[in-house]
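Visitor: Supplied in C-alpha cells, the structure appears directly below.
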Amino acid sequence: MSKDPIFTGAGVAIITPFHADGSVDYAAFGRIIDHQIAHGTDAIIVCGTTGEASTLHDTEHRAVVAWCCEYVDHRVPVIAGVGSNDTAYAIELTRFAKECGADGGLSVTPYYNKTSQRGLIAHYNAIADSCDLPIILYNVPSRTGLCFTADTLYALSQHPNINGLKAASGDFSLLASVRAKCGDALNVWSGNDDQIVPLMALGGKGVISVLSNVAPQQTHDLTQLCLEGRYPEAAALQLGLHSLIEALFCEVNPIPVKKAMELLGWQVGPLRLPLVEPSEEHTALIRRELEAAGCHI
C-alpha cells in the first residue's frame with residue numbers, strides 16, 4: 001500500500017496570536033498566514049502544540065480551525081490539530097475538521113491517562129474509521145509519556161485513512177524500523193527542526209516546523225534541497241540554522257518562538273498561563289540568534 005502524502009516540504013506549526021485580553025487576534029493571524037505562504041511554506045498546521053491548543057477551550061479551538069481553513073482557501077493544505085486523550089472527543093474534532101475543509105488531522109498520542117500499544121491501535125482505528133480525513137499520527141513522548149513501537153505503527157499504517165507520522169521522539173533506530181516495516185504506507189515528517197536532514201535522508205517527506213514561524217523561506221528551501229537529493233547543501237543549511245533552532249527551544253515551546261516573532265515585529269500577544277514570558281537571558285539569546293540568522297519580516 002502506498003499513500004500520497006498530505007504535503008511534502010515545510011509545514012509550519014503555526015502560533016496562535018492573541019489580543020492583550022487573551023482573545024484570538026484573527027487579523028494578526030491572517031497576516032502571519034499570508035507571510036508564510038508568500039515565503040514558501042507548504043502547509044499550515046493549526047491548533048497544535050505551538051498554537052497553544054492545550055489552552056484553547058473547545059469553542060475557540062473549533063473557531064480557529066474553521067477560520068484558518070476558510071482564510072487559507074486551499075492555497076496550501078491545512079492540517080488541524082485534532083488529538084485528545086479522550087477518543088470520543090478526538091473523533092468529534094476529526095469530524096469537525098473534515099466538515100471545515102481541512103486537508104488532514106494531526107492526532108497526538110493520548111497523554112496523562114496514556115494506554116497500551118493495543119490501546120493505541122484501538123484509539124487510532126476508531127478515529128480513522130469515523131471519517132475519511134487523512135490522519136497524521138503524532139509521536140512526542142517527551143510531552144505525552146507514551147511512544148509508539150514500530151509494530152504498532154505498521155499495524156496502523158494498514159488503515160487507508162492513516163496517512164503518516166510526525167516523528168518527534170528523536171529515536172532514529174525507531175524511525176529506521178518504521179521506514180523498513182511500513183515503507184510508503186506511512187509517510188513520515190520530522191517533528192524536530194534540528195533533525196530535518198537526517199530524517200529526510202531516511203525517506204521522510206518534510207517537517208512540521210516551529211522554525212518556519214520565523215524562517216519560512218529557509219525552512220522550505222532546506223526541505224526542497226532534501227527532496228531534490230542535494231543533501232550536502234541541505235546539511236550545510238541545517239547546520240547554519242542550528243544555533244537559532246536551539247534558541248527557539250531554550251524554554252518550552254512555544255514560549256521562545258512567540259518571543260522571537262514579537263522581536264521581529266509581529267503582533268502575537270501574550271502567552272496563556274501556565275506559559276509565561278522567557279527570562280531576560282533567554283530573550284537576549286533569541287534576539288542574537290535571529291540577527292545572526294538574518295531573520296526579518
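For the C-alpha cells, the naming scheme is as follows: chains receive sequential letters (A, B, ...) according to their order of presentation, residues are indexed from 1 within each chain, and ligands are indexed from 1 in presentation order.
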Could you list, as a compact mmCIF listing (two decimals) with all heavy atoms, in the first residue's frame, every residue within 8 Å of region 41-52 of chain A, counting only C-alpha atoms and ignoring same-chain residues fewer than 3 positions away?
Guide:
```
# COMPACT_ATOMS: atom_id res chain seq x y z
N PHE A 7 1.21 16.54 2.31
CA PHE A 7 2.05 17.59 1.76
C PHE A 7 3.48 17.08 1.76
O PHE A 7 3.82 16.12 2.47
CB PHE A 7 1.95 18.89 2.56
CG PHE A 7 2.69 18.87 3.89
CD1 PHE A 7 3.96 19.43 4.00
CD2 PHE A 7 2.12 18.29 5.01
CE1 PHE A 7 4.66 19.40 5.20
CE2 PHE A 7 2.80 18.27 6.23
CZ PHE A 7 4.07 18.83 6.31
N THR A 8 4.33 17.71 0.98
CA THR A 8 5.77 17.50 1.06
C THR A 8 6.43 18.85 1.30
O THR A 8 5.94 19.88 0.86
CB THR A 8 6.34 16.87 -0.22
OG1 THR A 8 6.05 17.73 -1.33
CG2 THR A 8 5.75 15.49 -0.48
N GLY A 9 7.55 18.83 2.02
CA GLY A 9 8.28 20.06 2.28
C GLY A 9 8.10 20.56 3.69
O GLY A 9 8.09 19.77 4.65
N ALA A 10 7.91 21.87 3.82
CA ALA A 10 7.89 22.52 5.14
C ALA A 10 6.48 22.94 5.52
O ALA A 10 5.91 23.84 4.91
CB ALA A 10 8.80 23.74 5.13
N GLY A 11 5.94 22.29 6.53
CA GLY A 11 4.67 22.71 7.12
C GLY A 11 4.96 23.48 8.39
O GLY A 11 5.78 23.05 9.22
N VAL A 12 4.32 24.62 8.57
CA VAL A 12 4.54 25.42 9.77
C VAL A 12 3.56 25.01 10.86
O VAL A 12 2.35 24.96 10.65
CB VAL A 12 4.43 26.93 9.48
CG1 VAL A 12 3.06 27.32 8.96
CG2 VAL A 12 4.78 27.74 10.73
N ALA A 13 4.10 24.68 12.03
CA ALA A 13 3.29 24.50 13.23
C ALA A 13 3.01 25.91 13.76
O ALA A 13 3.77 26.46 14.56
CB ALA A 13 4.03 23.66 14.26
N ILE A 14 1.94 26.50 13.28
CA ILE A 14 1.76 27.94 13.39
C ILE A 14 1.32 28.36 14.79
O ILE A 14 0.54 27.66 15.45
CB ILE A 14 0.77 28.43 12.31
CG1 ILE A 14 0.95 29.92 12.00
CG2 ILE A 14 -0.68 28.10 12.68
CD1 ILE A 14 0.35 30.34 10.67
N ILE A 15 1.84 29.52 15.22
CA ILE A 15 1.41 30.07 16.51
C ILE A 15 -0.02 30.60 16.40
O ILE A 15 -0.52 30.83 15.29
CB ILE A 15 2.36 31.19 16.98
CG1 ILE A 15 2.29 32.40 16.04
CG2 ILE A 15 3.79 30.70 17.10
CD1 ILE A 15 1.77 33.65 16.69
N THR A 16 -0.66 30.78 17.54
CA THR A 16 -1.96 31.45 17.59
C THR A 16 -1.76 32.82 18.24
O THR A 16 -1.40 32.91 19.42
CB THR A 16 -2.98 30.65 18.42
OG1 THR A 16 -3.11 29.34 17.88
CG2 THR A 16 -4.34 31.34 18.41
N ILE A 33 -0.30 34.12 8.30
CA ILE A 33 -0.56 33.08 7.30
C ILE A 33 -0.12 33.55 5.92
O ILE A 33 0.56 32.81 5.17
CB ILE A 33 -2.04 32.68 7.31
CG1 ILE A 33 -2.37 31.87 8.57
CG2 ILE A 33 -2.40 31.86 6.05
CD1 ILE A 33 -3.86 31.64 8.78
N GLN A 36 3.59 33.45 5.62
CA GLN A 36 4.08 32.07 5.49
C GLN A 36 3.92 31.58 4.05
O GLN A 36 4.87 31.04 3.45
CB GLN A 36 3.32 31.16 6.46
CG GLN A 36 3.68 31.34 7.91
CD GLN A 36 5.08 30.85 8.24
OE1 GLN A 36 5.51 29.79 7.78
NE2 GLN A 36 5.82 31.62 9.03
N ILE A 37 2.76 31.75 3.49
CA ILE A 37 2.50 31.24 2.14
C ILE A 37 3.37 31.98 1.12
O ILE A 37 3.93 31.36 0.19
CB ILE A 37 1.01 31.35 1.80
CG1 ILE A 37 0.20 30.41 2.72
CG2 ILE A 37 0.74 31.01 0.33
CD1 ILE A 37 -1.31 30.56 2.60
N ALA A 38 3.55 33.28 1.30
CA ALA A 38 4.37 34.07 0.37
C ALA A 38 5.84 33.67 0.42
O ALA A 38 6.57 33.91 -0.55
CB ALA A 38 4.23 35.55 0.69
N THR A 55 -4.58 25.27 25.72
CA THR A 55 -5.30 26.28 26.49
C THR A 55 -6.36 26.99 25.66
O THR A 55 -6.89 28.03 26.08
CB THR A 55 -4.32 27.31 27.10
OG1 THR A 55 -3.42 27.79 26.10
CG2 THR A 55 -3.53 26.68 28.23
N LEU A 56 -6.69 26.45 24.50
CA LEU A 56 -7.88 26.90 23.77
C LEU A 56 -9.05 26.04 24.21
O LEU A 56 -8.96 24.81 24.14
CB LEU A 56 -7.68 26.74 22.26
CG LEU A 56 -6.61 27.59 21.57
CD1 LEU A 56 -6.48 27.18 20.11
CD2 LEU A 56 -6.92 29.08 21.68
N HIS A 61 -11.09 26.48 19.87
CA HIS A 61 -10.36 25.54 19.03
C HIS A 61 -11.09 25.34 17.70
O HIS A 61 -10.50 25.46 16.62
CB HIS A 61 -10.23 24.20 19.77
CG HIS A 61 -9.33 23.20 19.11
ND1 HIS A 61 -8.31 22.58 19.79
CD2 HIS A 61 -9.29 22.70 17.86
CE1 HIS A 61 -7.68 21.74 18.97
NE2 HIS A 61 -8.28 21.80 17.79
N VAL A 64 -10.98 28.58 15.54
CA VAL A 64 -9.68 28.82 14.91
C VAL A 64 -9.48 27.89 13.72
O VAL A 64 -9.03 28.31 12.64
CB VAL A 64 -8.54 28.68 15.93
CG1 VAL A 64 -7.18 28.70 15.24
CG2 VAL A 64 -8.61 29.80 16.97
N VAL A 65 -9.83 26.62 13.87
CA VAL A 65 -9.71 25.67 12.75
C VAL A 65 -10.58 26.10 11.58
O VAL A 65 -10.13 26.15 10.42
CB VAL A 65 -10.07 24.25 13.22
CG1 VAL A 65 -10.24 23.31 12.01
CG2 VAL A 65 -9.01 23.70 14.16
N CYS A 68 -9.23 29.32 9.93
CA CYS A 68 -7.99 29.06 9.20
C CYS A 68 -8.28 28.37 7.87
O CYS A 68 -7.72 28.76 6.83
CB CYS A 68 -7.05 28.23 10.05
SG CYS A 68 -5.45 27.91 9.29
N VAL A 76 -2.65 26.35 0.29
CA VAL A 76 -1.80 25.24 0.71
C VAL A 76 -2.66 24.33 1.58
O VAL A 76 -3.72 24.74 2.06
CB VAL A 76 -0.55 25.72 1.51
CG1 VAL A 76 0.36 26.58 0.65
CG2 VAL A 76 -0.96 26.43 2.79
N PRO A 77 -2.24 23.09 1.80
CA PRO A 77 -3.01 22.23 2.70
C PRO A 77 -3.05 22.77 4.13
O PRO A 77 -2.08 23.36 4.61
CB PRO A 77 -2.25 20.89 2.65
CG PRO A 77 -1.51 20.93 1.36
CD PRO A 77 -1.13 22.36 1.15
N VAL A 78 -4.19 22.57 4.78
CA VAL A 78 -4.35 22.88 6.20
C VAL A 78 -4.54 21.58 6.96
O VAL A 78 -5.39 20.76 6.60
CB VAL A 78 -5.56 23.81 6.45
CG1 VAL A 78 -5.82 23.96 7.95
CG2 VAL A 78 -5.32 25.18 5.83
N ILE A 79 -3.73 21.41 8.00
CA ILE A 79 -3.82 20.23 8.86
C ILE A 79 -4.19 20.72 10.25
O ILE A 79 -3.50 21.57 10.83
CB ILE A 79 -2.48 19.47 8.87
CG1 ILE A 79 -2.17 18.96 7.46
CG2 ILE A 79 -2.53 18.31 9.86
CD1 ILE A 79 -0.73 18.62 7.24
N ALA A 80 -5.29 20.22 10.76
CA ALA A 80 -5.83 20.69 12.04
C ALA A 80 -5.43 19.76 13.18
O ALA A 80 -5.48 18.54 13.04
CB ALA A 80 -7.36 20.77 11.97
N GLY A 81 -5.05 20.36 14.30
CA GLY A 81 -4.83 19.57 15.50
C GLY A 81 -6.15 18.99 15.98
O GLY A 81 -7.09 19.74 16.27
N LEU A 106 -3.94 16.24 12.67
CA LEU A 106 -2.77 15.84 13.44
C LEU A 106 -3.25 15.36 14.80
O LEU A 106 -3.85 16.13 15.56
CB LEU A 106 -1.80 17.01 13.59
CG LEU A 106 -0.53 16.74 14.39
CD1 LEU A 106 0.35 15.72 13.69
CD2 LEU A 106 0.24 18.05 14.63
N ILE A 208 7.20 19.27 10.11
CA ILE A 208 6.18 20.11 10.73
C ILE A 208 6.95 20.96 11.74
O ILE A 208 7.41 20.46 12.76
CB ILE A 208 5.07 19.27 11.38
CG1 ILE A 208 4.32 18.50 10.27
CG2 ILE A 208 4.11 20.15 12.18
CD1 ILE A 208 3.26 17.55 10.78
N VAL A 210 8.50 24.37 13.92
CA VAL A 210 8.43 25.58 14.73
C VAL A 210 9.28 26.68 14.10
O VAL A 210 8.86 27.84 13.99
CB VAL A 210 8.90 25.29 16.17
CG1 VAL A 210 8.95 26.57 17.00
CG2 VAL A 210 8.00 24.26 16.83
N SER A 212 9.84 27.42 11.14
CA SER A 212 9.22 28.07 9.99
C SER A 212 8.43 29.32 10.38
O SER A 212 8.23 30.20 9.54
CB SER A 212 8.30 27.10 9.24
OG SER A 212 7.83 27.66 8.05
N PRO A 216 10.49 31.04 7.37
CA PRO A 216 9.73 30.17 6.47
C PRO A 216 10.47 29.84 5.17
O PRO A 216 10.46 28.68 4.73
CB PRO A 216 8.44 30.95 6.20
CG PRO A 216 8.76 32.37 6.53
CD PRO A 216 9.77 32.31 7.63
N GLN A 217 11.11 30.82 4.57
CA GLN A 217 11.78 30.55 3.29
C GLN A 217 12.95 29.60 3.48
O GLN A 217 13.15 28.66 2.69
CB GLN A 217 12.26 31.85 2.65
CG GLN A 217 12.73 31.67 1.22
CD GLN A 217 11.59 31.34 0.26
OE1 GLN A 217 10.64 32.10 0.16
NE2 GLN A 217 11.68 30.19 -0.41
N THR A 219 13.34 27.38 5.84
CA THR A 219 12.86 26.04 6.17
C THR A 219 12.35 25.33 4.92
O THR A 219 12.64 24.14 4.70
CB THR A 219 11.75 26.12 7.24
OG1 THR A 219 12.19 26.94 8.32
CG2 THR A 219 11.42 24.74 7.78
N HIS A 220 11.60 26.06 4.10
CA HIS A 220 11.15 25.49 2.83
C HIS A 220 12.34 25.08 1.96
O HIS A 220 12.37 23.97 1.40
CB HIS A 220 10.28 26.49 2.07
CG HIS A 220 10.08 26.13 0.64
ND1 HIS A 220 9.11 25.23 0.22
CD2 HIS A 220 10.74 26.51 -0.49
CE1 HIS A 220 9.19 25.08 -1.09
NE2 HIS A 220 10.16 25.84 -1.54
N ASN A 253 8.48 25.06 24.20
CA ASN A 253 7.71 25.57 23.06
C ASN A 253 6.25 25.76 23.46
O ASN A 253 5.68 24.89 24.10
CB ASN A 253 7.83 24.56 21.91
CG ASN A 253 7.07 24.98 20.67
OD1 ASN A 253 7.19 26.10 20.20
ND2 ASN A 253 6.25 24.08 20.15
N PRO A 254 5.60 26.89 23.08
CA PRO A 254 6.03 27.94 22.16
C PRO A 254 6.54 29.22 22.81
O PRO A 254 6.46 30.30 22.18
CB PRO A 254 4.75 28.21 21.39
CG PRO A 254 3.67 28.09 22.43
CD PRO A 254 4.13 26.95 23.33
N ARG A 272 -0.69 32.20 27.07
CA ARG A 272 -1.70 31.84 28.07
C ARG A 272 -1.07 31.01 29.18
O ARG A 272 -0.28 30.10 28.92
CB ARG A 272 -2.84 31.03 27.41
CG ARG A 272 -3.76 31.93 26.58
CD ARG A 272 -4.98 31.18 26.12
NE ARG A 272 -5.93 32.07 25.46
CZ ARG A 272 -7.07 31.67 24.93
NH1 ARG A 272 -7.42 30.39 24.98
NH2 ARG A 272 -7.89 32.54 24.36
```
Visitor: Mind checking which residues fall within 8 Å of region 172-185 of chain A, counting only C-alpha atoms, ignoring those fewer than 6 positions away in the same chain, and posting them as a tab-separated table (two decimals) with C-alpha atoms, in the first residue's frame?
Guide:
```tsv
chain	number	residue	atom	x	y	z
A	1	MET	CA	0.00	0.00	0.00
A	2	SER	CA	1.39	3.40	-1.00
A	3	LYS	CA	-0.21	6.65	0.15
A	149	THR	CA	6.52	0.89	18.70
A	150	ALA	CA	7.40	0.10	15.09
A	151	ASP	CA	4.98	-2.85	15.14
A	153	LEU	CA	2.90	1.91	13.56
A	154	TYR	CA	2.96	-0.89	11.00
A	157	SER	CA	-0.27	2.07	8.54
A	158	GLN	CA	-2.61	-0.55	7.10
A	163	ASN	CA	-1.59	8.95	6.17
A	164	GLY	CA	1.58	9.37	8.17
A	199	LEU	CA	15.07	12.18	8.81
A	202	LEU	CA	15.69	8.04	5.58
A	203	GLY	CA	12.74	8.82	3.32
```
Visitor: Taking the chain letters and numbering used in this document, name the residues of region 111-293 of chain A that DSSP puts in alpha helix (DSSP H), as a ChimeraX atom specification.
Guide: /A:117-130,141-144,150-157,172-182,196-201,216-227,231-240,242-247,255-263,280-293
Visitor: Of the candidates A:Glu281, A:Asp221, A:Glu228, A:Glu262, which shows the shortest atom-to-atom distance to Gly40 (chain A), using only C-alpha atoms?
Guide: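 Of all the options, A:Asp221 lies closest to Gly40 (chain A).
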Visitor: Quick one: distance from CA of Arg118 (chain A) to CA of Leu146 (chain A) in Å, one decimal?
Guide: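 If I compute the distance from CA of Arg118 (chain A) to CA of Leu146 (chain A), I get 12.6 Å.
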Visitor: Could you list, as a count of residues only, every residue within 6 Å of Trp189 (chain A), counting only C-alpha atoms and ignoring same-chain residues fewer than 6 positions away?
Guide: 5
Visitor: Could you make a table, as JSON lines, of the residues of region 184-270 of chain A that have an atom within 12 Å of an atom of region 124-140 of chain A, each with its nearest atom pair and distance in Å to one decimal, counting only C-alpha atoms, in chain and number order?
Guide:
```
{"residue": "A:Leu186", "atom": "CA", "partner": "A:Ile136", "partner_atom": "CA", "distance": 9.1}
{"residue": "A:Asn187", "atom": "CA", "partner": "A:Ile136", "partner_atom": "CA", "distance": 8.6}
{"residue": "A:Val188", "atom": "CA", "partner": "A:Ile136", "partner_atom": "CA", "distance": 8.7}
{"residue": "A:Trp189", "atom": "CA", "partner": "A:Ile136", "partner_atom": "CA", "distance": 9.1}
{"residue": "A:Ser190", "atom": "CA", "partner": "A:Tyr138", "partner_atom": "CA", "distance": 10.1}
{"residue": "A:Gly191", "atom": "CA", "partner": "A:Val140", "partner_atom": "CA", "distance": 8.2}
{"residue": "A:Asn192", "atom": "CA", "partner": "A:Val140", "partner_atom": "CA", "distance": 9.8}
{"residue": "A:Ile208", "atom": "CA", "partner": "A:Tyr138", "partner_atom": "CA", "distance": 10.4}
```
Visitor: Write a file of the just-selected residues containing N, CA, C and O atoms, as an mmCIF file, in the first residue's frame.
Guide:
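What follows is the written file part_13.cif:
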```
data_model
loop_
_atom_site.group_PDB
_atom_site.id
_atom_site.type_symbol
_atom_site.label_atom_id
_atom_site.label_comp_id
_atom_site.auth_asym_id
_atom_site.auth_seq_id
_atom_site.Cartn_x
_atom_site.Cartn_y
_atom_site.Cartn_z
ATOM 1 N N LEU A 186 3.185 4.595 5.207
ATOM 2 C CA LEU A 186 3.148 5.568 6.299
ATOM 3 C C LEU A 186 4.170 6.664 5.981
ATOM 4 O O LEU A 186 5.375 6.456 6.124
ATOM 5 N N ASN A 187 3.676 7.805 5.526
ATOM 6 C CA ASN A 187 4.561 8.940 5.285
ATOM 7 C C ASN A 187 5.087 9.463 6.622
ATOM 8 O O ASN A 187 4.403 9.374 7.642
ATOM 9 N N VAL A 188 6.301 9.998 6.603
ATOM 10 C CA VAL A 188 6.915 10.480 7.838
ATOM 11 C C VAL A 188 7.391 11.918 7.649
ATOM 12 O O VAL A 188 8.004 12.255 6.634
ATOM 13 N N TRP A 189 7.078 12.750 8.646
ATOM 14 C CA TRP A 189 7.577 14.127 8.704
ATOM 15 C C TRP A 189 8.345 14.309 10.003
ATOM 16 O O TRP A 189 7.961 13.775 11.041
ATOM 17 N N SER A 190 9.411 15.092 9.947
ATOM 18 C CA SER A 190 10.144 15.399 11.166
ATOM 19 C C SER A 190 9.314 16.313 12.052
ATOM 20 O O SER A 190 8.695 17.264 11.582
ATOM 21 N N GLY A 191 9.337 16.038 13.343
ATOM 22 C CA GLY A 191 8.734 16.944 14.311
ATOM 23 C C GLY A 191 9.777 17.725 15.067
ATOM 24 O O GLY A 191 9.451 18.474 15.986
ATOM 25 N N ASN A 192 11.050 17.552 14.681
ATOM 26 C CA ASN A 192 12.171 18.238 15.332
ATOM 27 C C ASN A 192 12.953 19.009 14.277
ATOM 28 O O ASN A 192 13.496 18.410 13.333
ATOM 29 N N ILE A 208 7.204 19.269 10.110
ATOM 30 C CA ILE A 208 6.181 20.110 10.735
ATOM 31 C C ILE A 208 6.949 20.956 11.737
ATOM 32 O O ILE A 208 7.412 20.460 12.762
#
```
Visitor: Between A:Asp58, A:Glu246, A:Glu289, A:Glu233, which is the closest to Phe96 (chain A) once you count only C-alpha atoms?
Guide: A:Asp58
Visitor: Do you have the CA of Ala90 (chain A)-CA of Glu70 (chain A) distance handy?
Guide: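 Computed distance, CA of Ala90 (chain A) to CA of Glu70 (chain A), equals 21.5 Å.
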Visitor: Could you work out how far CA of Ala236 (chain A) lies from CA of Ala293 (chain A), giving the answer in Å with one decimal?
Guide: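 CA of Ala293 (chain A) sits 13.3 Å away from CA of Ala236 (chain A).
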